[in-house]
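Asker: Input file: upload-v1.pdb. Contents: PDB, C-alpha atoms.
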ATOM      1  CA  MET A 234       0.000   0.000   0.000
ATOM      2  CA  ILE A 235       2.727   2.451   0.974
ATOM      3  CA  ILE A 236       4.835   1.598  -2.068
ATOM      4  CA  ALA A 237       1.778   1.630  -4.346
ATOM      5  CA  GLN A 238       0.773   5.100  -3.149
ATOM      6  CA  GLN A 239       4.261   6.454  -3.735
ATOM      7  CA  LYS A 240       4.613   4.862  -7.162
ATOM      8  CA  ARG A 241       1.154   6.132  -8.171
ATOM      9  CA  LYS A 242       2.307   9.691  -7.463
ATOM     10  CA  GLU A 243       5.677   9.344  -9.187
ATOM     11  CA  ASN A 244       5.424   6.935 -12.122
ATOM     12  CA  ILE A 245       2.166   5.425 -13.334
ATOM     13  CA  VAL A 246       3.920   2.651 -15.274
ATOM     14  CA  GLU A 247       5.947   1.561 -12.236
ATOM     15  CA  TYR A 248       2.746   1.715 -10.195
ATOM     16  CA  LEU A 249       0.948  -0.583 -12.613
ATOM     17  CA  ILE A 250       3.822  -3.068 -12.806
ATOM     18  CA  TYR A 251       3.962  -3.045  -8.996
ATOM     19  CA  MET A 252       0.215  -3.675  -8.759
ATOM     20  CA  TRP A 253       0.501  -6.597 -11.177
ATOM     21  CA  GLN A 254       3.222  -7.980  -8.926
ATOM     22  CA  VAL A 255       0.948  -7.545  -5.903
ATOM     23  CA  GLU A 256      -1.789  -9.484  -7.706
ATOM     24  CA  ASP A 257       0.689 -12.311  -8.317
ATOM     25  CA  LEU A 258       1.889 -12.197  -4.698
ATOM     26  CA  ILE A 259      -1.697 -12.510  -3.516
ATOM     27  CA  ARG A 260      -2.153 -15.490  -5.833
ATOM     28  CA  ALA A 261       1.069 -17.032  -4.512
ATOM     29  CA  CYS A 262      -0.423 -16.699  -1.032
ATOM     30  CA  HIS A 263      -3.573 -18.480  -2.258
ATOM     31  CA  LEU A 264      -5.662 -15.342  -1.588
ATOM     32  CA  ASN A 265      -5.218 -16.184   2.096
ATOM     33  CA  ALA A 266      -5.030 -13.212   4.452
ATOM     34  CA  ASP A 267      -3.073 -15.221   7.040
ATOM     35  CA  GLU A 268      -0.364 -16.116   4.510
ATOM     36  CA  ILE A 269      -0.206 -12.491   3.377
ATOM     37  CA  GLU A 270       0.113 -11.425   7.010
ATOM     38  CA  THR A 271       3.026 -13.793   7.594
ATOM     39  CA  LEU A 272       4.882 -13.297   4.325
ATOM     40  CA  LEU A 273       4.196  -9.640   3.611
ATOM     41  CA  VAL A 274       2.559  -7.492   6.276
ATOM     42  CA  ALA A 275       4.720  -8.739   9.143
ATOM     43  CA  GLN A 276       7.813  -7.614   7.208
ATOM     44  CA  TYR A 277       6.807  -3.944   7.280
ATOM     45  CA  ASP A 278       8.593  -1.864   9.900
ATOM     46  CA  GLN A 279       5.561   0.299  10.581
ATOM     47  CA  PRO A 280       3.378   1.222  13.550
ATOM     48  CA  GLU A 281       0.457  -1.114  14.188
ATOM     49  CA  GLU A 282      -2.027   1.441  12.846
ATOM     50  CA  VAL A 283      -0.231   1.497   9.480
ATOM     51  CA  LYS A 284      -0.009  -2.302   9.445
ATOM     52  CA  ARG A 285      -3.774  -2.416  10.016
ATOM     53  CA  GLU A 286      -4.255  -0.204   6.933
ATOM     54  CA  ILE A 287      -1.919  -2.459   4.936
ATOM     55  CA  ARG A 288      -3.877  -5.560   6.023
ATOM     56  CA  GLN A 289      -7.114  -3.878   5.005
ATOM     57  CA  TRP A 290      -5.615  -2.890   1.631
ATOM     58  CA  TYR A 291      -4.566  -6.479   0.906
ATOM     59  CA  GLN A 292      -7.964  -7.776   2.031
ATOM     60  CA  GLU A 293      -9.730  -5.339  -0.301
ATOM     61  CA  LEU A 294      -7.520  -6.498  -3.170
ATOM     62  CA  ILE A 295      -8.286 -10.141  -2.330
ATOM     63  CA  ASP A 296     -12.007  -9.341  -2.317
ATOM     64  CA  MET A 297     -11.755  -7.554  -5.678
ATOM     65  CA  MET A 298      -9.843 -10.449  -7.209
ATOM     66  CA  ARG A 299     -12.502 -12.908  -6.047
ATOM     67  CA  ILE A 300     -15.443 -10.774  -7.116
ATOM     68  CA  GLU A 301     -13.898 -10.011 -10.503
ATOM     69  CA  GLY A 302     -12.859 -13.612 -11.143
ATOM     70  CA  VAL A 303      -9.124 -13.001 -11.477
ATOM     71  CA  THR A 304      -7.930 -15.409  -8.811
ATOM     72  CA  LYS A 305      -5.895 -17.490 -11.305
ATOM     73  CA  LYS A 306      -4.873 -14.873 -13.878
ATOM     74  CA  GLY A 307      -5.787 -11.465 -15.190
ATOM     75  CA  HIS A 308      -6.018  -8.073 -13.548
ATOM     76  CA  ILE A 309      -8.517  -6.321 -11.331
ATOM     77  CA  GLN A 310     -10.582  -3.545 -12.839
ATOM     78  CA  ILE A 311      -8.711  -0.697 -11.138
ATOM     79  CA  ASN A 312      -5.537  -1.891 -12.877
ATOM     80  CA  LYS A 313      -7.346  -2.357 -16.187
ATOM     81  CA  ASN A 314      -8.601   1.218 -15.870
ATOM     82  CA  VAL A 315      -5.013   2.493 -15.647
ATOM     83  CA  VAL A 316      -4.110   0.546 -18.798
ATOM     84  CA  THR A 317      -7.142   2.072 -20.521
ATOM     85  CA  GLU A 318      -6.088   5.578 -19.443
ATOM     86  CA  LEU A 319      -2.545   5.008 -20.677
ATOM     87  CA  THR A 320      -3.846   3.628 -23.968
ATOM     88  CA  GLY A 321      -6.082   6.666 -24.430
ATOM     89  CA  LEU A 322      -3.166   8.998 -23.768
ATOM     90  CA  HIS A 323      -0.990   6.983 -26.155
ATOM     91  CA  LEU A 324      -3.549   7.413 -28.930
ATOM     92  CA  ARG A 325      -3.957  11.143 -28.246
ATOM     93  CA  LEU A 326      -0.191  11.634 -28.317
ATOM     94  CA  LEU A 327       0.067   9.816 -31.640
ATOM     95  CA  LYS A 328      -2.633  12.056 -33.127
ATOM     96  CA  SER A 329      -1.110  15.279 -31.796
ATOM     97  CA  PRO A 330       1.004  17.107 -34.376
ATOM     98  CA  GLN A 331       3.052  18.662 -31.535
ATOM     99  CA  GLU A 332       4.118  15.281 -30.200
ATOM    100  CA  THR A 333       6.828  14.431 -32.716
ATOM    101  CA  VAL A 334       9.138  12.971 -30.057
ATOM    102  CA  TYR A 335       6.485  10.499 -28.885
ATOM    103  CA  GLY A 336       5.635   9.567 -32.473
ATOM    104  CA  SER A 337       9.288   8.939 -33.188
ATOM    105  CA  LEU A 338       9.672   6.793 -30.060
ATOM    106  CA  TYR A 339       6.549   4.852 -30.972
ATOM    107  CA  TYR A 340       7.603   4.106 -34.548
ATOM    108  CA  LYS A 341      11.056   3.083 -33.354
ATOM    109  CA  THR A 342       9.384   0.707 -30.856
ATOM    110  CA  LEU A 343       6.688  -0.589 -33.216
ATOM    111  CA  PRO A 344       8.717  -3.553 -34.605
ATOM    112  CA  ALA A 345       9.195  -4.885 -31.052
ATOM    113  CA  ILE A 346       5.492  -4.398 -30.306
ATOM    114  CA  VAL A 347       4.488  -6.216 -33.511
ATOM    115  CA  GLN A 348       6.843  -9.074 -32.697
ATOM    116  CA  LEU A 349       5.481  -9.383 -29.147
ATOM    117  CA  ARG A 350       1.890  -9.275 -30.344
ATOM    118  CA  SER A 351       2.586 -12.053 -32.846
ATOM    119  CA  ARG A 352       3.722 -14.246 -29.923
ATOM    120  CA  SER A 353       0.726 -13.436 -27.725
ATOM    121  CA  GLY A 354      -1.328 -16.382 -28.915
ATOM    122  CA  GLY A 355      -4.004 -14.244 -30.549
ATOM    123  CA  GLU A 356      -5.004 -12.464 -27.365
ATOM    124  CA  GLU A 357      -6.449  -9.063 -28.210
ATOM    125  CA  ILE A 358      -4.740  -6.494 -26.026
ATOM    126  CA  SER A 359      -3.700  -2.923 -26.721
ATOM    127  CA  GLU A 360      -0.210  -1.986 -27.787
ATOM    128  CA  ILE A 361       0.370  -0.338 -24.427
ATOM    129  CA  GLU A 362      -0.735  -3.443 -22.530
ATOM    130  CA  THR A 363       1.577  -5.445 -24.796
ATOM    131  CA  CYS A 364       4.441  -3.150 -23.769
ATOM    132  CA  LEU A 365       3.537  -3.375 -20.082
ATOM    133  CA  THR A 366       3.288  -7.162 -20.284
ATOM    134  CA  ALA A 367       6.710  -7.295 -21.948
ATOM    135  CA  ILE A 368       8.282  -5.239 -19.163
ATOM    136  CA  TYR A 369       6.580  -7.365 -16.513
ATOM    137  CA  GLY A 370       7.766 -10.546 -18.218
ATOM    138  CA  TYR A 371      11.295  -9.187 -18.493
ATOM    139  CA  LEU A 372      11.379  -8.286 -14.793
ATOM    140  CA  THR A 373      10.050 -11.737 -13.905
ATOM    141  CA  LEU A 374      12.762 -13.429 -15.988
ATOM    142  CA  LYS A 375      15.387 -11.185 -14.443
ATOM    143  CA  MET A 376      14.233 -12.084 -10.898
ATOM    144  CA  GLN A 377      14.431 -15.753 -11.867
ATOM    145  CA  GLN A 378      17.962 -15.092 -13.158
ATOM    146  CA  LYS A 379      17.049 -16.461 -16.586
ATOM    147  CA  GLU A 380      19.065 -15.617 -19.650
ATOM    148  CA  ILE A 381      17.695 -12.806 -21.799
ATOM    149  CA  SER A 382      18.740 -12.499 -25.435
ATOM    150  CA  ALA A 383      20.345  -9.361 -26.834
ATOM    151  CA  GLU A 384      17.388  -8.977 -29.211
ATOM    152  CA  THR A 385      14.936  -9.096 -26.317
ATOM    153  CA  MET A 386      17.031  -6.626 -24.350
ATOM    154  CA  GLU A 387      16.973  -4.180 -27.275
ATOM    155  CA  GLY A 388      13.191  -4.480 -27.548
ATOM    156  CA  ILE A 389      12.800  -3.977 -23.796
ATOM    157  CA  LYS A 390      15.044  -0.912 -23.967
ATOM    158  CA  GLN A 391      12.867   0.637 -26.693
ATOM    159  CA  ILE A 392       9.657  -0.237 -24.859
ATOM    160  CA  SER A 393      11.058   1.224 -21.639
ATOM    161  CA  HIS A 394      11.818   4.533 -23.363
ATOM    162  CA  LEU A 395       8.307   4.673 -24.808
ATOM    163  CA  LEU A 396       6.648   3.862 -21.484
ATOM    164  CA  ALA A 397       8.854   6.332 -19.586
ATOM    165  CA  PHE A 398       7.807   9.111 -21.948
ATOM    166  CA  LEU A 399       4.157   8.062 -21.699
ATOM    167  CA  SER A 400       4.356   7.979 -17.911
ATOM    168  CA  ALA A 401       5.871  11.462 -17.783
ATOM    169  CA  ARG A 402       3.113  12.784 -20.051
ATOM    170  CA  PHE A 403       0.494  11.058 -17.917
ATOM    171  CA  HIS A 404       1.684  12.917 -14.842
ATOM    172  CA  GLU A 405       1.870  16.198 -16.753
ATOM    173  CA  GLU A 406      -1.760  15.656 -17.719
ATOM    174  CA  GLU A 407      -2.700  15.166 -14.090
ATOM    175  CA  MET A 408      -1.399  18.650 -13.314
ATOM    176  CA  PRO A 409      -3.993  21.459 -13.490
ATOM    177  CA  GLY A 410      -4.391  22.549 -17.094
ATOM    178  CA  GLY A 411      -2.210  19.723 -18.351
ATOM    179  CA  ARG A 412      -4.583  17.868 -20.708
ATOM    180  CA  ILE A 413      -3.146  16.909 -24.095
ATOM    181  CA  ASP A 414      -5.626  16.945 -26.988
TER     182      ASP A 414
END
Starting from the file, lay out its structure as structure tokens.
Answerer:
Amino acid sequence: MIIAQQKRKENIVEYLIYMWQVEDLIRACHLNADEIETLLVAQYDQPEEVKREIRQWYQELIDMMRIEGVTKKGHIQINKNVVTELTGLHLRLLKSPQETVYGSLYYKTLPAIVQLRSRSGGEEISEIETCLTAIYGYLTLKMQQKEISAETMEGIKQISHLLAFLSARFHEEEMPGGRID
């Protein structure tokens, strides 16, 4: 909860990747509040009041995952909404004649996106969700200390640049008077 709040303020892409990781952690704990307490909440060096808020946050996420039917895979609606917002911004940036830098980044990244989408097994997801999924997959492989090809690393680098720019624009938009049309 604490990390999620901070990431939400600073970098929407990092926030979303973090929230996807939280969903997977909850699944790894079998959506069991006691396991989450032992493995996660107990590790926080926080006053009991803050730990109570963290417990409640995890419980609310567990409840959402159950209600929304994403206990095995998928993402809760609040996370899907962020992807939708990022996708909308992505499309607006591409249409904006002033956004030549974003357009250039996008077209430089497009071959990697096309390649990733061809491997997705026909699942219909947006280009931005494809990029986010690639970054999440890369981070997962890295944590597992698996080998990552030079080609994959180059694609991830391009995707990272695109998402960093998109994230920065997202936060600019959140500022008063910051909407990009």
Asker: When the PyMOL selection byres ((chain A and resi 338-346) around 9) is applied to the structure above, which residues does it catch, written out as a list in words?
Answerer: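 Applied to this file, the PyMOL selection byres ((chain A and resi 338-346) around 9) returns Leu327, Thr333, Val334, Tyr335, Gly336, Ser337, Val347, Gln348, Leu349, Arg350, Ser351, Glu360, Ile361, Thr363, Cys364, Ala367, Thr385, Glu387, Gly388, Ile389, Gln391, Ile392, His394, Leu395 and Phe398 of chain A.
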Asker: Find the residue from A:Thr373, A:Ser400, A:Gln254, A:Gln238 that sits nearest to A:Trp290; use only C-alpha atoms when measuring.
Answerer: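 Once distances to A:Trp290 are computed over only C-alpha atoms, the minimum belongs to A:Gln238.
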Asker: State, in Å with one decimal place, the distance from atom CA of A:Ser359 to atom CA of A:Gln292.
Answerer: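 Separation between atom CA of A:Ser359 and atom CA of A:Gln292: 29.5 Å.
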Asker: Adding 6 Å on each side of the box along x, y and z that holds all listed atoms of stretch 238-241 of chain A, could you give its centre and edge lengths in Å to one decimal, as AutoDock Vina command-line options?
Answerer:
--center_x 2.7 --center_y 5.7 --center_z -5.7 --size_x 15.8 --size_y 13.6 --size_z 17.0
Asker: How far is it from atom CA of A:Thr320 to atom CA of A:Met386, in Å with one decimal?
Answerer: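 That distance, rounded to one decimal, is 23.3 Å.
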Asker: Can you tell me which residues surround A:Asp296 at a distance of at most 12 Å, considering only C-alpha atoms, apart from same-chain residues fewer than 6 positions away, and format the answer as a VMD selection string?
Answerer: chain A and resid 256 259 264 to 266 289 to 290 302 to 304 309
Asker: Report, in Å to a single decimal, how far apart atom CA of A:His308 and atom CA of A:Arg402 are.
Answerer: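 Between atom CA of A:Arg402 and atom CA of A:His308 the gap is 23.7 Å.
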Asker: Skipping near chain neighbours, those fewer than 2 positions away, what residues fall within 12 Å of A:Ile235 using only C-alpha atoms, listed as a PyMOL selection string?
Answerer: chain A and resi 237-242+248+251-252+274+277-279+283-284+286-288+290-291
Asker: Counting only C-alpha atoms, which of A:Lys313, A:Arg352, A:His263, A:Lys328 gets nearest to A:Leu365?
Answerer: A:Lys313
Asker: Taking into account all atoms listed in the file, which residue in the set A:Ile311, A:Ala261, A:Leu399, A:Leu272 is nearest to A:Leu326?
Answerer: A:Leu399
Asker: Would you mind telling me which residue in A:Ile295, A:Met234, A:Leu396, A:Ile300 lies nearest to A:Asp267 when using all atoms listed in the file?
Answerer: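 Checking each of A:Ile295, A:Met234, A:Leu396, A:Ile300 against A:Asp267, counting all atoms listed in the file, the winner is A:Ile295.
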Asker: Might you spell out which residues the PyMOL selection byres ((chain A and resi 319) around 9) would select in the displayed file, as an mmCIF file with C-alpha atoms, keeping the file's coordinate frame?
Answerer:
data_model
loop_
_atom_site.group_PDB
_atom_site.id
_atom_site.type_symbol
_atom_site.label_atom_id
_atom_site.label_comp_id
_atom_site.auth_asym_id
_atom_site.auth_seq_id
_atom_site.Cartn_x
_atom_site.Cartn_y
_atom_site.Cartn_z
ATOM 1 C CA ILE A 245 2.166 5.425 -13.334
ATOM 2 C CA VAL A 246 3.920 2.651 -15.274
ATOM 3 C CA ASN A 314 -8.601 1.218 -15.870
ATOM 4 C CA VAL A 315 -5.013 2.493 -15.647
ATOM 5 C CA VAL A 316 -4.110 0.546 -18.798
ATOM 6 C CA THR A 317 -7.142 2.072 -20.521
ATOM 7 C CA GLU A 318 -6.088 5.578 -19.443
ATOM 8 C CA THR A 320 -3.846 3.628 -23.968
ATOM 9 C CA GLY A 321 -6.082 6.666 -24.430
ATOM 10 C CA LEU A 322 -3.166 8.998 -23.768
ATOM 11 C CA HIS A 323 -0.990 6.983 -26.155
ATOM 12 C CA LEU A 324 -3.549 7.413 -28.930
ATOM 13 C CA ILE A 361 0.370 -0.338 -24.427
ATOM 14 C CA GLU A 362 -0.735 -3.443 -22.530
ATOM 15 C CA LEU A 399 4.157 8.062 -21.699
ATOM 16 C CA SER A 400 4.356 7.979 -17.911
ATOM 17 C CA PHE A 403 0.494 11.058 -17.917
#
Asker: My list of candidates is A:Glu380, A:Glu281, A:Asn244, A:Ile250. Which is closest to A:Thr366 when distances are computed with all atoms listed in the file?
Answerer: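 Among the listed residues, the smallest separation from A:Thr366 belongs to A:Ile250.
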Asker: Check the smallest atom-to-atom distance from each of A:Ile368, A:Glu301, A:Asn312, A:Pro280 to A:Val255 using all atoms listed in the file, then report the winner.
Answerer: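 Among the listed residues, A:Asn312 lies closest to A:Val255.
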